[in-house]
Amino acid sequence: MERQAQRIDELAPLELGPETVKAYIRAHPETITDDPDLLCALVPESYACEGAALDVQSFAIDHLKSQGKELIRQRDRAFDTLRQNSAAARITENAVLTVLEARNFEDMVRIVTKQIGPMIQADHIVLCIEEFDGMGDDLATIEGLGVRVVPECAVDAALGEVGNSVLRSNAKGIKTLFGPCAEDIRSYAFVRLAISPEAPPGLMAIGSRRADTFHPSQGADMLEFLGSVIERQIGSWLGLPRG
């Protein structure tokens, strides 16, 4: 320790770093203990009196307690996140299993739009597909199955050209996508449905009457997974190839 202190004493000011300063203080504790002004500069005013620090130990203990409380808060936040993710995974699993129980295409549309909404805390789910050239008489058939036909480019307008999902809080529903139920919606999520290269772009619009059910900072992994299952089921029922 004496050789280390001697070496520190010989260092030029530019060589001093945090570890060097710590080593010097350990070798020369009197540097602080014999200098009340320096000690008061290191210890908060609440622990000092008449220019002299009275209770460095209390300050250190309180500081450690504060750090401990922050670590506990971080742990609790991490546990809450894990619980929420676990719950979301179970909800999504149940929704996926329900979709897979569909007996035909029409039954699958009914399950998605009528049955899985309560599972994922949604009040309205609409399956949308963009109109395409030659749709003609198929329009009435498609809408009769419960699928909403939306204008060309409506999917990219809602999601962007590269995004797969969008979540919004405190937002009214978009009538083009939600139709008559748009007025009831106060938060929503959109999930892209890339059914097949031979099919027009699709979208699953999920709406809630609560303003905070969906929000931009919320993870969309589970909803996107549900969407990928639905798009595969649609392609399978309609005999369409995957991309």
# chains A, B, ... in the order shown; residues from 1 in each chain; ligands from 1
>>> residues_around(residues="Gly146 (chain A)", least_positions_apart="4", cutoff="9 Å", atoms="only C-alpha atoms", output="VMD selection string")
chain A and resid 106 109 to 110 113 126 to 127 142
>>> residues_around(residues="region 156-172 of chain A", least_positions_apart="5", cutoff="6 Å", atoms="only C-alpha atoms", output="PyMOL selection string")
chain A and resi 185-192+211-212+214-216
>>> write_last_selection(atoms="C-alpha atoms", output="mmCIF file, in the first residue's frame")
data_model
loop_
_atom_site.group_PDB
_atom_site.id
_atom_site.type_symbol
_atom_site.label_atom_id
_atom_site.label_comp_id
_atom_site.auth_asym_id
_atom_site.auth_seq_id
_atom_site.Cartn_x
_atom_site.Cartn_y
_atom_site.Cartn_z
ATOM 1 C CA ILE A 185 -64.008 2.618 -31.072
ATOM 2 C CA ARG A 186 -61.572 4.580 -28.901
ATOM 3 C CA SER A 187 -58.384 2.553 -29.458
ATOM 4 C CA TYR A 188 -57.427 0.108 -32.163
ATOM 5 C CA ALA A 189 -54.811 -2.189 -33.681
ATOM 6 C CA PHE A 190 -54.236 -2.998 -37.346
ATOM 7 C CA VAL A 191 -52.421 -6.168 -38.411
ATOM 8 C CA ARG A 192 -51.374 -6.863 -41.995
ATOM 9 C CA ALA A 211 -59.149 4.336 -24.952
ATOM 10 C CA ASP A 212 -56.217 2.460 -23.395
ATOM 11 C CA PHE A 214 -54.149 -0.529 -27.388
ATOM 12 C CA HIS A 215 -51.299 1.987 -27.388
ATOM 13 C CA PRO A 216 -48.189 2.619 -29.531
#
>>> closest_residue(among="A:Gly68, A:Leu238, A:Thr92, A:Ile129", to="Asp221 (chain A)", atoms="only C-alpha atoms")
A:Thr92
>>> residues_around(residues="Thr176 (chain A)", least_positions_apart="6", cutoff="9 Å", atoms="only C-alpha atoms", output="ChimeraX atom specification")
/A:150-151,154,182
>>> write_last_selection(atoms="C-alpha atoms", output="CSV table (one decimal), in the first residue's frame")
chain,number,residue,atom,x,y,z
A,150,VAL,CA,-61.9,-1.7,-48.8
A,151,PRO,CA,-60.5,0.6,-51.5
A,154,ALA,CA,-56.2,1.2,-48.0
A,182,ALA,CA,-66.1,2.9,-36.1
